[in-house]
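Heads up, protein-v6.cif below (mmCIF, C-alpha atoms and all ligand atoms):
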```cif
data_coords
#
loop_
_atom_site.label_atom_id
_atom_site.label_comp_id
_atom_site.auth_asym_id
_atom_site.auth_seq_id
_atom_site.Cartn_x
_atom_site.Cartn_y
_atom_site.Cartn_z
CA MET P 1 241.50 116.82 -33.70
CA ARG P 2 239.00 116.49 -30.91
CA VAL P 3 237.46 113.41 -32.56
CA LEU P 4 240.91 111.88 -32.97
CA ALA P 5 241.74 112.54 -29.32
CA ARG P 6 238.48 110.94 -28.25
CA LEU P 7 239.10 107.89 -30.44
CA ARG P 8 242.51 107.52 -28.88
CA VAL P 9 240.93 107.52 -25.39
CA VAL P 10 238.38 104.90 -26.45
CA GLU P 11 241.10 102.79 -28.05
CA ARG P 12 243.16 102.87 -24.87
CA ALA P 13 240.19 102.09 -22.59
CA THR P 14 239.18 99.07 -24.66
CA ARG P 15 242.65 97.62 -25.13
CA PRO P 16 242.38 93.98 -24.12
CA GLU P 17 245.64 94.02 -22.18
CA ASN P 18 246.36 96.41 -19.39
CA LEU P 19 250.16 96.39 -19.36
CA GLU P 20 250.45 97.30 -15.68
CA PHE P 21 247.99 94.57 -14.74
CA ALA P 22 249.91 92.10 -16.89
CA ALA P 23 253.19 93.08 -15.21
CA ALA P 24 251.64 92.67 -11.73
CA ALA P 25 250.25 89.26 -12.71
CA ASP P 26 253.64 88.16 -14.12
CA CYS P 27 255.27 89.18 -10.88
CA ARG P 28 252.61 87.27 -8.91
CA TRP P 29 253.23 84.16 -10.98
CA ARG P 30 256.96 84.22 -10.22
CA GLU P 31 256.50 84.43 -6.43
CA PRO P 32 254.68 81.29 -5.19
CA PRO P 33 256.35 77.89 -4.78
CA ASP P 34 256.11 75.38 -7.63
CA HIS P 35 253.51 73.15 -5.97
CA VAL P 36 250.81 75.81 -6.46
CA LYS P 37 251.67 76.43 -10.12
CA THR P 38 248.99 74.00 -11.20
CA PRO P 39 247.06 74.10 -14.51
CA GLY P 40 244.07 75.62 -12.68
CA GLN P 41 246.00 78.29 -10.79
CA VAL P 42 244.38 81.70 -11.19
CA LEU P 43 246.95 83.73 -9.26
CA GLY P 44 249.40 85.29 -11.65
CA ARG P 45 247.40 84.13 -14.69
CA HIS P 46 244.17 86.05 -14.32
CA GLY P 47 244.30 87.64 -10.89
CA VAL P 48 246.67 88.90 -8.28
CA GLY P 49 244.92 87.58 -5.18
CA CYS P 50 242.48 88.55 -2.43
CA GLU P 51 242.83 91.91 -0.79
CA GLY P 52 241.20 93.56 2.17
CA THR P 53 241.63 96.38 4.62
CA HIS P 54 243.23 95.38 7.88
CA GLY P 55 242.35 96.67 11.32
CA VAL P 56 241.01 99.96 9.98
CA PHE P 57 237.58 100.00 11.57
CA PRO P 58 237.41 97.12 14.04
CA LYS P 59 234.45 98.43 16.00
CA CYS P 60 231.61 95.96 16.37
CA ASN P 61 228.42 95.76 18.44
CA PHE P 62 228.08 91.96 18.31
CA ALA P 63 229.61 89.36 20.62
CA CYS P 64 230.20 86.32 18.41
CA THR P 65 232.09 83.18 19.30
CA PRO P 66 234.55 82.98 17.71
CA CYS P 67 235.49 86.47 16.64
CA TYR P 68 238.83 87.17 14.93
CA ARG P 69 239.26 90.68 16.25
CA SER P 70 241.77 91.33 18.98
CA ARG P 71 240.51 91.95 22.50
CA ASP P 72 241.42 95.64 22.09
CA ALA P 73 239.45 96.07 18.88
CA ASN P 74 236.77 98.35 20.27
CA ARG P 75 239.44 100.78 21.49
CA VAL P 76 240.89 101.51 18.05
CA ARG P 77 240.38 105.02 16.68
CA ILE P 78 237.37 104.99 14.35
CA ASP P 79 236.43 108.59 13.66
CA SER P 80 235.43 109.06 10.06
CA SER P 81 238.29 111.11 8.67
CA HIS P 82 240.83 108.75 10.24
CA THR P 83 239.01 105.72 8.80
CA VAL P 84 238.83 107.07 5.26
CA ARG P 85 242.48 108.22 5.40
CA ALA P 86 243.62 104.81 6.67
CA VAL P 87 241.60 102.96 4.00
CA ASP P 88 243.16 105.14 1.32
CA ALA P 89 246.68 104.56 2.69
CA GLN P 90 246.18 100.79 2.66
CA MET P 91 244.79 100.88 -0.88
CA GLU P 92 247.72 103.00 -2.03
CA LEU P 93 250.05 100.32 -0.68
CA LEU P 94 248.10 97.52 -2.40
CA GLU P 95 248.07 99.44 -5.67
CA ARG P 96 251.82 99.81 -5.46
CA LEU P 97 252.49 96.19 -4.50
CA CYS P 98 249.78 94.31 -6.39
CA GLY P 99 249.05 96.38 -9.49
CA PRO P 100 246.38 98.71 -10.78
CA VAL P 101 243.20 96.57 -10.47
CA ALA P 102 241.91 94.01 -7.98
CA HIS P 103 238.97 93.08 -5.80
CA ALA P 104 239.28 94.20 -2.18
CA GLN P 105 237.14 93.74 0.90
CA LEU P 106 236.34 96.63 3.16
CA ILE P 107 236.72 94.68 6.37
CA GLY P 108 235.66 96.97 9.14
CA SER P 109 234.89 94.91 11.24
CA LYS P 110 231.37 96.17 10.66
CA VAL P 111 231.50 99.10 8.30
CA CYS P 112 227.75 99.59 8.50
CA LEU P 113 228.51 101.25 11.84
CA LEU P 114 230.22 103.99 9.83
CA PRO P 115 227.94 106.90 8.89
CA PRO P 116 226.69 106.26 5.30
CA ASP P 117 228.60 109.24 3.84
CA ASP P 118 231.87 108.00 5.36
CA HIS P 119 231.21 104.47 4.19
CA ALA P 120 230.63 105.90 0.70
CA ALA P 121 233.87 107.92 0.96
CA ALA P 122 235.78 104.75 1.91
CA LEU P 123 234.34 102.92 -1.11
CA ARG P 124 235.29 105.83 -3.37
CA ALA P 125 238.83 105.84 -1.95
CA MET P 126 239.10 102.14 -2.83
CA ARG P 127 237.79 102.66 -6.37
CA SER P 128 240.16 105.56 -6.93
CA ARG P 129 243.01 103.08 -6.32
CA GLY P 130 241.61 100.58 -8.84
CA ARG P 131 240.06 98.38 -6.15
CA GLU P 132 236.56 96.94 -6.66
CA PRO P 133 235.25 97.05 -3.10
CA MET P 134 233.06 94.64 -1.18
CA SER P 135 231.85 95.76 2.23
CA PHE P 136 231.95 93.16 4.96
CA THR P 137 229.09 93.27 7.42
CA HIS P 138 227.03 91.40 10.01
CA GLY P 139 224.02 92.56 7.99
CA ASP P 140 222.24 94.13 10.93
CA PHE P 141 221.14 97.36 9.29
CA GLY P 142 217.98 98.53 7.55
CA TYR P 143 216.94 99.82 4.14
CA ASP P 144 217.24 103.39 5.34
CA TYR P 145 221.01 102.97 5.87
CA LEU P 146 221.46 101.22 2.52
CA GLU P 147 219.58 103.94 0.68
CA ARG P 148 221.60 106.70 2.33
CA LEU P 149 224.80 104.85 1.36
CA ALA P 150 223.70 104.35 -2.24
CA LEU P 151 222.32 107.82 -2.92
CA GLY P 152 224.12 111.12 -2.91
CA SER P 153 222.71 114.53 -2.13
CA GLY P 154 219.67 115.15 -4.31
CA GLY P 155 218.71 111.50 -4.16
CA THR P 156 220.63 110.33 -7.23
CA PRO P 157 222.68 107.11 -7.07
CA ARG P 158 226.36 107.65 -6.33
CA PHE P 159 227.26 104.04 -7.21
CA ALA P 160 226.16 101.89 -10.13
CA ARG P 161 226.77 98.80 -8.04
CA LEU P 162 227.34 97.89 -4.39
CA SER P 163 228.89 94.66 -3.17
CA PHE P 164 228.36 93.25 0.30
CA ALA P 165 229.51 90.12 2.09
CA ALA P 166 227.16 89.46 4.98
CA ARG P 167 227.97 87.03 7.75
CA PHE P 168 225.02 85.12 9.16
CA ASP P 169 225.50 82.15 11.47
CA ARG P 170 224.25 80.91 14.79
CA PHE P 171 227.42 81.88 16.67
CA MET P 172 226.64 85.56 16.22
CA TYR P 173 225.12 87.20 19.26
CA GLY P 174 223.44 90.59 19.21
CA ARG P 175 221.33 90.70 16.04
CA LYS P 176 218.14 92.74 16.39
CA GLY P 177 215.16 90.41 16.78
CA ILE P 178 217.26 87.28 17.24
CA SER P 179 220.05 88.01 19.66
CA ARG P 180 220.85 84.32 20.31
CA PRO P 181 219.90 82.19 17.27
CA ALA P 182 218.91 78.64 18.12
CA SER P 183 219.70 77.25 14.67
CA GLU P 184 220.87 78.25 11.20
CA ARG P 185 217.32 77.86 9.92
CA SER P 186 216.06 80.45 12.42
CA LEU P 187 218.33 82.98 10.65
CA ASN P 188 216.85 82.39 7.20
CA PRO P 189 214.25 85.19 7.48
CA TYR P 190 217.15 87.58 8.27
CA ARG P 191 219.20 86.29 5.33
CA LYS P 192 216.20 86.88 3.09
CA GLN P 193 215.41 90.29 4.53
CA PHE P 194 219.01 91.36 3.87
CA ALA P 195 218.95 90.19 0.24
CA ASP P 196 215.50 91.72 -0.32
CA MET P 197 216.81 95.18 0.60
CA PHE P 198 219.11 95.07 -2.42
CA THR P 199 216.32 93.93 -4.73
CA ARG P 200 214.33 96.92 -3.56
CA LEU P 201 217.33 99.22 -4.05
CA ARG P 202 217.59 98.09 -7.66
CA GLU P 203 213.87 98.45 -8.29
CA GLU P 204 213.64 101.92 -6.74
CA HIS P 205 217.00 103.43 -7.75
CA GLY P 206 218.58 101.15 -10.37
CA VAL P 207 221.62 100.37 -8.17
CA ARG P 208 222.83 96.83 -8.84
CA SER P 209 224.46 94.62 -6.22
CA LEU P 210 226.62 91.60 -5.69
CA LEU P 211 225.93 89.74 -2.45
CA ALA P 212 227.85 87.03 -0.65
CA GLN P 213 226.56 85.04 2.29
CA ASP P 214 229.37 84.19 4.74
CA MET P 215 229.14 81.56 7.43
CA THR P 216 231.57 80.40 10.07
CA VAL P 217 231.49 76.63 10.50
CA THR P 218 232.24 74.65 13.65
CA LEU P 219 231.14 71.22 14.84
CA GLY P 220 228.13 73.07 16.27
CA ASN P 221 226.59 73.93 12.86
CA LEU P 222 228.41 71.65 10.41
CA ALA P 223 225.31 69.48 9.98
CA GLU P 224 223.22 72.57 9.10
CA VAL P 225 225.40 73.78 6.19
CA ALA P 226 223.66 71.69 3.51
CA GLU P 227 220.20 72.69 4.67
CA MET P 228 221.14 76.38 4.68
CA ILE P 229 222.31 76.15 1.05
CA ARG P 230 219.14 74.34 -0.02
CA ASP P 231 216.94 76.86 1.81
CA CYS P 232 218.76 80.03 0.71
CA HIS P 233 220.27 79.48 -2.75
CA ALA P 234 217.47 81.38 -4.48
CA MET P 235 217.40 84.39 -2.16
CA GLY P 236 219.69 86.53 -4.31
CA TYR P 237 223.21 85.72 -3.05
CA ARG P 238 225.77 85.24 -5.83
CA MET P 239 228.25 83.59 -3.51
CA PHE P 240 228.06 81.24 -0.54
CA SER P 241 231.27 81.41 1.43
CA PHE P 242 232.16 79.18 4.37
CA GLN P 243 234.95 79.62 6.86
CA PRO P 244 235.84 76.71 9.13
CA ALA P 245 236.41 78.50 12.45
CA ALA P 246 240.01 79.25 13.34
CA MET P 247 241.77 79.92 16.60
CA VAL P 248 242.61 83.51 15.71
CA GLY P 249 241.94 86.75 17.54
CA ASP P 250 240.35 87.06 20.97
CA ASN P 251 240.86 83.75 22.79
CA ARG P 252 238.14 84.63 25.32
CA ARG P 253 235.72 83.99 22.43
CA TRP P 254 236.94 80.47 21.64
CA LYS P 255 234.29 78.01 22.80
CA GLU P 256 235.39 74.80 21.11
CA ASN P 257 238.47 73.15 19.71
CA TYR P 258 238.04 74.56 16.21
CA ARG P 259 240.69 72.26 14.75
CA GLU P 260 238.21 69.38 14.81
CA VAL P 261 236.46 70.64 11.67
CA THR P 262 238.50 69.95 8.56
CA SER P 263 238.31 71.38 5.04
CA ASP P 264 237.20 68.03 3.70
CA THR P 265 234.26 67.67 6.08
CA VAL P 266 233.05 71.22 5.41
CA TRP P 267 233.41 70.88 1.62
CA ALA P 268 231.51 67.57 1.76
CA GLU P 269 228.61 69.35 3.48
CA ILE P 270 228.69 72.16 0.89
CA GLU P 271 228.51 69.50 -1.83
CA ARG P 272 225.56 67.88 -0.04
CA GLY P 273 223.80 71.27 -0.07
CA ALA P 274 224.60 71.91 -3.74
CA GLY P 275 223.41 68.38 -4.54
CA THR P 276 226.47 67.55 -6.62
CA ARG P 277 230.23 67.16 -6.52
CA LEU P 278 232.07 70.50 -6.53
CA ASP P 279 235.43 70.27 -8.26
CA TYR P 280 237.71 72.84 -6.64
CA ARG P 281 240.73 71.92 -8.80
CA VAL P 282 239.33 73.39 -12.05
CA PHE P 283 240.18 76.90 -10.82
CA GLU P 284 242.48 77.34 -7.84
CA HIS P 285 243.17 80.55 -5.96
CA GLY P 286 246.52 80.12 -4.26
CA ASP P 287 246.92 77.07 -2.06
CA VAL P 288 243.93 74.69 -2.03
CA ARG P 289 244.48 74.08 1.68
CA CYS P 290 243.41 77.69 2.09
CA ASN P 291 240.85 78.17 -0.70
CA HIS P 292 238.34 75.94 -2.43
CA VAL P 293 236.21 77.57 -5.13
CA ALA P 294 233.59 76.18 -7.54
CA TYR P 295 232.06 78.50 -10.16
CA GLY P 296 228.70 77.72 -11.67
CA PHE P 297 225.01 78.50 -11.84
CA TYR P 298 221.65 77.22 -10.73
CA VAL P 299 218.97 76.25 -13.20
CA GLY P 300 215.91 75.83 -11.02
CA GLU P 301 216.98 73.72 -8.07
CA ARG P 302 220.07 72.22 -9.69
CA TRP P 303 223.57 73.64 -9.62
CA HIS P 304 225.84 73.19 -12.65
CA PRO P 305 229.55 74.01 -12.98
CA PHE P 306 230.75 76.31 -15.76
CA LEU P 307 233.46 73.81 -16.55
CA ASP P 308 233.36 70.08 -15.90
CA GLY P 309 236.73 69.02 -14.48
CA GLY P 310 236.12 65.48 -15.77
CA ASP P 311 235.81 66.60 -19.40
CA PRO P 312 239.17 67.17 -21.15
CA ARG P 313 237.47 69.54 -23.62
CA ASP P 314 236.40 71.80 -20.74
CA LEU P 315 239.91 71.72 -19.31
CA ARG P 316 241.27 72.80 -22.69
CA THR P 317 238.72 75.63 -22.63
CA ARG P 318 240.10 76.71 -19.25
CA ASP P 319 243.65 76.63 -20.61
CA ALA P 320 242.55 78.72 -23.59
CA PHE P 321 240.89 81.17 -21.23
CA PHE P 322 244.20 81.71 -19.42
CA ARG P 323 246.11 81.94 -22.70
CA TYR P 324 243.88 84.42 -24.51
CA LEU P 325 241.99 86.21 -21.74
CA GLY P 326 244.31 85.84 -18.76
CA ARG P 327 245.72 89.32 -19.16
CA VAL P 328 242.35 90.97 -19.83
CA SER P 329 241.21 92.65 -16.65
CA PHE P 330 237.50 92.14 -15.97
CA THR P 331 237.56 93.90 -12.58
CA GLY P 332 235.37 96.97 -12.38
CA ALA P 333 235.06 97.31 -16.17
CA PRO P 334 231.65 98.48 -17.42
CA THR P 335 229.90 95.79 -19.49
CA ALA P 336 230.18 97.75 -22.75
CA VAL P 337 233.93 98.29 -22.30
CA LEU P 338 234.46 94.64 -21.44
CA ALA P 339 232.44 93.58 -24.49
CA VAL P 340 234.67 95.67 -26.79
CA ARG P 341 237.80 94.29 -25.13
CA LEU P 342 236.56 90.73 -25.73
CA GLY P 343 235.62 91.65 -29.30
CA ARG P 344 239.16 92.86 -29.91
CA VAL P 345 240.59 89.61 -28.51
CA ILE P 346 238.34 87.64 -30.89
CA ALA P 347 239.36 89.84 -33.82
CA ARG P 348 242.99 89.05 -33.04
CA HIS P 349 242.40 85.35 -32.23
CA PRO P 350 239.24 84.10 -34.03
CA ARG P 351 239.90 80.69 -32.43
CA VAL P 352 238.55 82.12 -29.18
CA ALA P 353 235.05 82.37 -30.70
CA VAL P 354 235.22 78.75 -31.89
CA ILE P 355 236.29 77.57 -28.42
CA ALA P 356 233.56 79.64 -26.76
CA VAL P 357 230.84 78.25 -29.03
CA GLY P 358 232.07 74.68 -28.38
CA TRP P 359 231.93 75.29 -24.63
CA ALA P 360 228.44 76.83 -24.84
CA VAL P 361 227.10 73.88 -26.83
CA ARG P 362 228.51 71.42 -24.25
CA ALA P 363 227.13 73.46 -21.35
CA VAL P 364 223.62 73.61 -22.88
CA HIS P 365 223.78 69.89 -23.60
CA ARG P 366 224.77 69.15 -19.99
CA VAL P 367 221.96 71.23 -18.55
CA GLY P 368 219.40 70.19 -21.16
CA LEU P 369 217.67 72.53 -23.59
CA PHE P 370 214.18 71.77 -22.28
CA ASN P 371 215.36 72.21 -18.68
CA LEU P 372 216.89 75.60 -19.56
CA TRP P 373 213.69 76.74 -21.25
CA GLN P 374 211.51 75.48 -18.40
CA HIS P 375 213.58 77.31 -15.77
CA ARG P 376 214.60 80.30 -17.91
CA ARG P 377 213.50 82.74 -15.18
CA ARG P 378 215.31 80.77 -12.49
CA ILE P 379 218.87 80.81 -13.83
CA ARG P 380 221.23 82.34 -11.29
CA LEU P 381 225.01 82.57 -11.08
CA CYS P 382 226.31 81.03 -7.86
CA THR P 383 229.84 80.44 -6.58
CA PHE P 384 230.72 78.23 -3.64
CA VAL P 385 233.79 79.17 -1.65
CA MET P 386 235.56 77.85 1.40
CA HIS P 387 238.36 79.76 3.10
CA HIS P 388 240.21 77.79 5.71
CA PHE P 389 242.82 79.72 7.68
CA MET P 390 246.08 77.85 7.40
CA ASP P 391 248.28 77.44 10.45
CA ALA P 392 251.33 79.69 10.50
CA VAL P 393 253.52 76.61 10.35
CA ASP P 394 252.02 75.77 6.91
CA VAL P 395 251.75 79.33 5.60
CA THR P 396 255.48 80.10 5.63
CA PRO P 397 256.50 77.31 3.24
CA ALA P 398 253.28 77.81 1.22
S1 LIG F 1 232.62 88.02 14.32
FE1 LIG F 1 230.84 88.99 15.31
S2 LIG F 1 231.69 90.21 16.98
FE2 LIG F 1 233.37 89.71 15.60
S3 LIG F 1 233.48 91.42 14.18
FE3 LIG F 1 232.16 89.89 13.19
S4 LIG F 1 230.07 90.42 13.82
FE4 LIG F 1 231.46 91.51 15.18
#
```

What would you get if you wrote out this structure as structure tokens?
Amino acid sequence: MRVLARLRVVERATRPENLEFAAAADCRWREPPDHVKTPGQVLGRHGVGCEGTHGVFPKCNFACTPCYRSRDANRVRIDSSHTVRAVDAQMELLERLCGPVAHAQLIGSKVCLLPPDDHAAALRAMRSRGREPMSFTHGDFGYDYLERLALGSGGTPRFARLSFAARFDRFMYGRKGISRPASERSLNPYRKQFADMFTRLREEHGVRSLLAQDMTVTLGNLAEVAEMIRDCHAMGYRMFSFQPAAMVGDNRRWKENYREVTSDTVWAEIERGAGTRLDYRVFEHGDVRCNHVAYGFYVGERWHPFLDGGDPRDLRTRDAFFRYLGRVSFTGAPTAVLAVRLGRVIARHPRVAVIAVGWAVRAVHRVGLFNLWQHRRRIRLCTFVMHHFMDAVDVTPA
């Protein structure tokens, strides 16, 4: 009986479709206007959207221009029990409105100002609501803090993986050692130092990480975007995310007319840094005026997309992905569980294996077998993202 009960648990955990997730995604698909229901739209077909905490821990010790916090941000209550309770309440709401699993950012402002145990409690609260958390930070903390966050009492890891999005750009004032950066390049040692802490954490304690490098873009650093990507793509960041500055938050911190930088000019600079065209229509997350995303990987110094938007066979692969795997939740699933879920999809639809092999052959051919072999130790996943705040006047109809 006990064996049967256990088998039933395993069977449920490895079911390809999570019915609640599927219902939330169906609901998401019904909501947006028709103009975003494009063939590449991810919302409602494989995801329910971006989530994040709001106004929970807005304390910050930097003085960036711009900053999207309100001018009262440093007066908000931030004691630990209040913070963890408020994070949990927001996650409970998101779970109810958006379904059982999703990615969510712990937007503090700077949660590394929380004591490590409280930060860990906030991450646990998010996971307990099915949210895969990513902590948002200015990155101005040391290995000691990271280790105390990652390890519980007794020195054993309390998380298998930690995700951080770290903002580094020259409009940030207050970083230790470089309080007023003169250029983006002058921040590169700090970007590297931040990523290196997570390499060390994995080597010493086996805790994996997912890191994103965030950067606000204005006319003042637009011309440095490409160079930053070229200099930093191999440091260990899995995502490079750019935000054209917006006139949001504390208007005492607005130093330029931020409307002068457009999505197109920023994306063109990201493409210059990646050294290739980045097709943001293959996969879309909501409205492309708000989000551009290109998924791919580096082989040595060259970036390659997973799917080539100019190849109809790759677009059919994308469509098949939505059809057969759209309702399979990847978020937070351990690799072994995910592998069994995918195996069960293939057992039900053997065509999926044929499509996957066809895609893999094309991808290897594009990159080049010799090139892959030559750079086999320098293959790294890397996603480029741009989030451009839309004006309220556009958001309502969108
Ligand atoms: S933009 Fe700068 S000042 Fe504002 S919350 Fe982020 S790090 Fe702090």

Dump the neighbourhood of ligand LIG 1 (chain F) as a list in words: all residues within 7 Å, distances computed on all atoms listed in the file.
Pro58, Cys60, Asn61, Phe62, Ala63, Cys64, Thr65, Pro66, Cys67, Tyr68, Arg69, Ser109, Lys110, His138 and Met172 of chain P

Using C-alpha atoms, can you export the residues from the last selection as a compact mmCIF listing (two decimals), in the frame of the given file?
```
# COMPACT_ATOMS: atom_id res chain seq x y z
CA PRO P 58 237.41 97.12 14.04
CA CYS P 60 231.61 95.96 16.37
CA ASN P 61 228.42 95.76 18.44
CA PHE P 62 228.08 91.96 18.31
CA ALA P 63 229.61 89.36 20.62
CA CYS P 64 230.20 86.32 18.41
CA THR P 65 232.09 83.18 19.30
CA PRO P 66 234.55 82.98 17.71
CA CYS P 67 235.49 86.47 16.64
CA TYR P 68 238.83 87.17 14.93
CA ARG P 69 239.26 90.68 16.25
CA SER P 109 234.89 94.91 11.24
CA LYS P 110 231.37 96.17 10.66
CA HIS P 138 227.03 91.40 10.01
CA MET P 172 226.64 85.56 16.22
```

Go ahead and compute the interatomic distance for CA of Thr216 (chain P) and CA of Phe242 (chain P), in Å to one decimal.
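CA of Phe242 (chain P) lies at a distance of 5.9 Å from CA of Thr216 (chain P).
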
Distance of CA of Val42 (chain P) from CA of Asp26 (chain P), expressed in Å to one decimal place
11.7 Å

Of the residues P:Cys98, P:Arg6, P:Ala150, P:Ala165, which is the one nearest to Arg28 (chain P), using only C-alpha atoms?
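For Arg28 (chain P), the nearest of the given residues is P:Cys98.
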
Show me, as JSON, numbers by chain, the residues that have an atom within 9 Å of Val345 (chain P) when counting all atoms listed in the file, minus same-chain residues fewer than 5 positions from it.
{"P": [15, 16, 324, 325, 328, 340, 350, 352]}

Give me, as a ChimeraX atom specification, all polymer residues having an atom no more than 12 Å from region 143-148 of chain P, counting only C-alpha atoms and skipping those fewer than 5 positions away in the same chain.
/P:111-120,135,153-159,162-164,193-207,209

Using all atoms listed in the file, the shortest atom-to-atom distance to Ala125 (chain P) among P:Leu372, P:Val76, P:Met91, P:Ala234 belongs to P:Met91

Excluding Met126 (chain P) and its own-chain neighbours fewer than 3 positions away, which residues fall within 12 Å of it when counting only C-alpha atoms? Please give them as a count of residues only.
35

Counting all atoms listed in the file, which of P:Arg230, P:Ser186, P:Met1, P:Phe283 gets nearest to Lys37 (chain P)?
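Closest candidate: P:Phe283.
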
Near Arg302 (chain P), within 9 Å and counting only C-alpha atoms, which residues show up once chain neighbours fewer than 6 positions away are dropped, as a PyMOL selection string?
chain P and resi 274-276

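Distance annotation: of P:Trp303, P:Asp314, P:Thr14, P:Gly368, the residue with the minimal separation from Thr335 (chain P) is P:Thr14; atom set is all atoms listed in the file.
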
Would you pick out the contacts of Phe168 (chain P) at 10 Å or less, using all atoms listed in the file, so that residues sharing its chain but fewer than 2 positions from it are not included, and give the list as a list in words?
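Everything that qualifies: Thr137, His138, Gly139, Asp140, Ala165, Ala166, Arg170, Phe171, Met172, Arg175, Glu184, Leu187, Asn188, Tyr190, Arg191, Gln213, Asp214, Met215 and Thr216 of chain P.
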
Only C-alpha atoms, please: the residues just picked out, written as a compact mmCIF listing (two decimals), in the coordinates of the input.
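What follows is the written file result.txt:
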```txt
# COMPACT_ATOMS: atom_id res chain seq x y z
CA THR P 137 229.09 93.27 7.42
CA HIS P 138 227.03 91.40 10.01
CA GLY P 139 224.02 92.56 7.99
CA ASP P 140 222.24 94.13 10.93
CA ALA P 165 229.51 90.12 2.09
CA ALA P 166 227.16 89.46 4.98
CA ARG P 170 224.25 80.91 14.79
CA PHE P 171 227.42 81.88 16.67
CA MET P 172 226.64 85.56 16.22
CA ARG P 175 221.33 90.70 16.04
CA GLU P 184 220.87 78.25 11.20
CA LEU P 187 218.33 82.98 10.65
CA ASN P 188 216.85 82.39 7.20
CA TYR P 190 217.15 87.58 8.27
CA ARG P 191 219.20 86.29 5.33
CA GLN P 213 226.56 85.04 2.29
CA ASP P 214 229.37 84.19 4.74
CA MET P 215 229.14 81.56 7.43
CA THR P 216 231.57 80.40 10.07
```

Point-to-point distance in Å for CA of Pro334 (chain P) and CA of Arg362 (chain P):
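We find that CA of Arg362 (chain P) and CA of Pro334 (chain P) lie 28.1 Å from each other.
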
Counting all atoms listed in the file, the option among P:Arg127, P:Pro189, P:Phe389, P:Trp359 closest to Ala245 (chain P):
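Result for the nearest residue to Ala245 (chain P): P:Phe389.
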
Which is closest to Val354 (chain P) among P:Trp29, P:Ala336, P:Thr317, P:Glu227, if we use only C-alpha atoms?
P:Thr317

What are the centre and edge lengths in Å, to one decimal, of the axis-aligned box around all listed atoms of region 387-397 of chain P with 3 Å added on each side, as JSON?
```
{"center_x": 247.4, "center_y": 77.9, "center_z": 6.8, "size_x": 24.1, "size_y": 10.3, "size_z": 13.4}
```

Only C-alpha atoms needed: put region 12-34 of chain P from the block into a file as a tab-separated table (two decimals), in the first residue's frame.
```tsv
chain	number	residue	atom	x	y	z
P	12	ARG	CA	1.10	13.32	-9.83
P	13	ALA	CA	4.38	15.26	-9.49
P	14	THR	CA	5.53	14.26	-12.97
P	15	ARG	CA	2.24	14.85	-14.76
P	16	PRO	CA	3.08	17.03	-17.75
P	17	GLU	CA	0.07	19.29	-17.26
P	18	ASN	CA	-0.64	21.13	-14.08
P	19	LEU	CA	-4.38	21.72	-14.38
P	20	GLU	CA	-4.38	24.85	-12.22
P	21	PHE	CA	-1.50	26.32	-14.21
P	22	ALA	CA	-3.32	25.48	-17.44
P	23	ALA	CA	-6.50	27.17	-16.18
P	24	ALA	CA	-4.54	30.30	-15.17
P	25	ALA	CA	-2.84	30.40	-18.57
P	26	ASP	CA	-6.19	29.98	-20.38
P	27	CYS	CA	-7.58	32.86	-18.38
P	28	ARG	CA	-4.50	34.96	-19.22
P	29	TRP	CA	-4.94	34.23	-22.91
P	30	ARG	CA	-8.54	35.46	-22.87
P	31	GLU	CA	-7.70	38.82	-21.25
P	32	PRO	CA	-5.38	40.80	-23.57
P	33	PRO	CA	-6.55	42.62	-26.71
P	34	ASP	CA	-6.30	40.84	-30.05
```
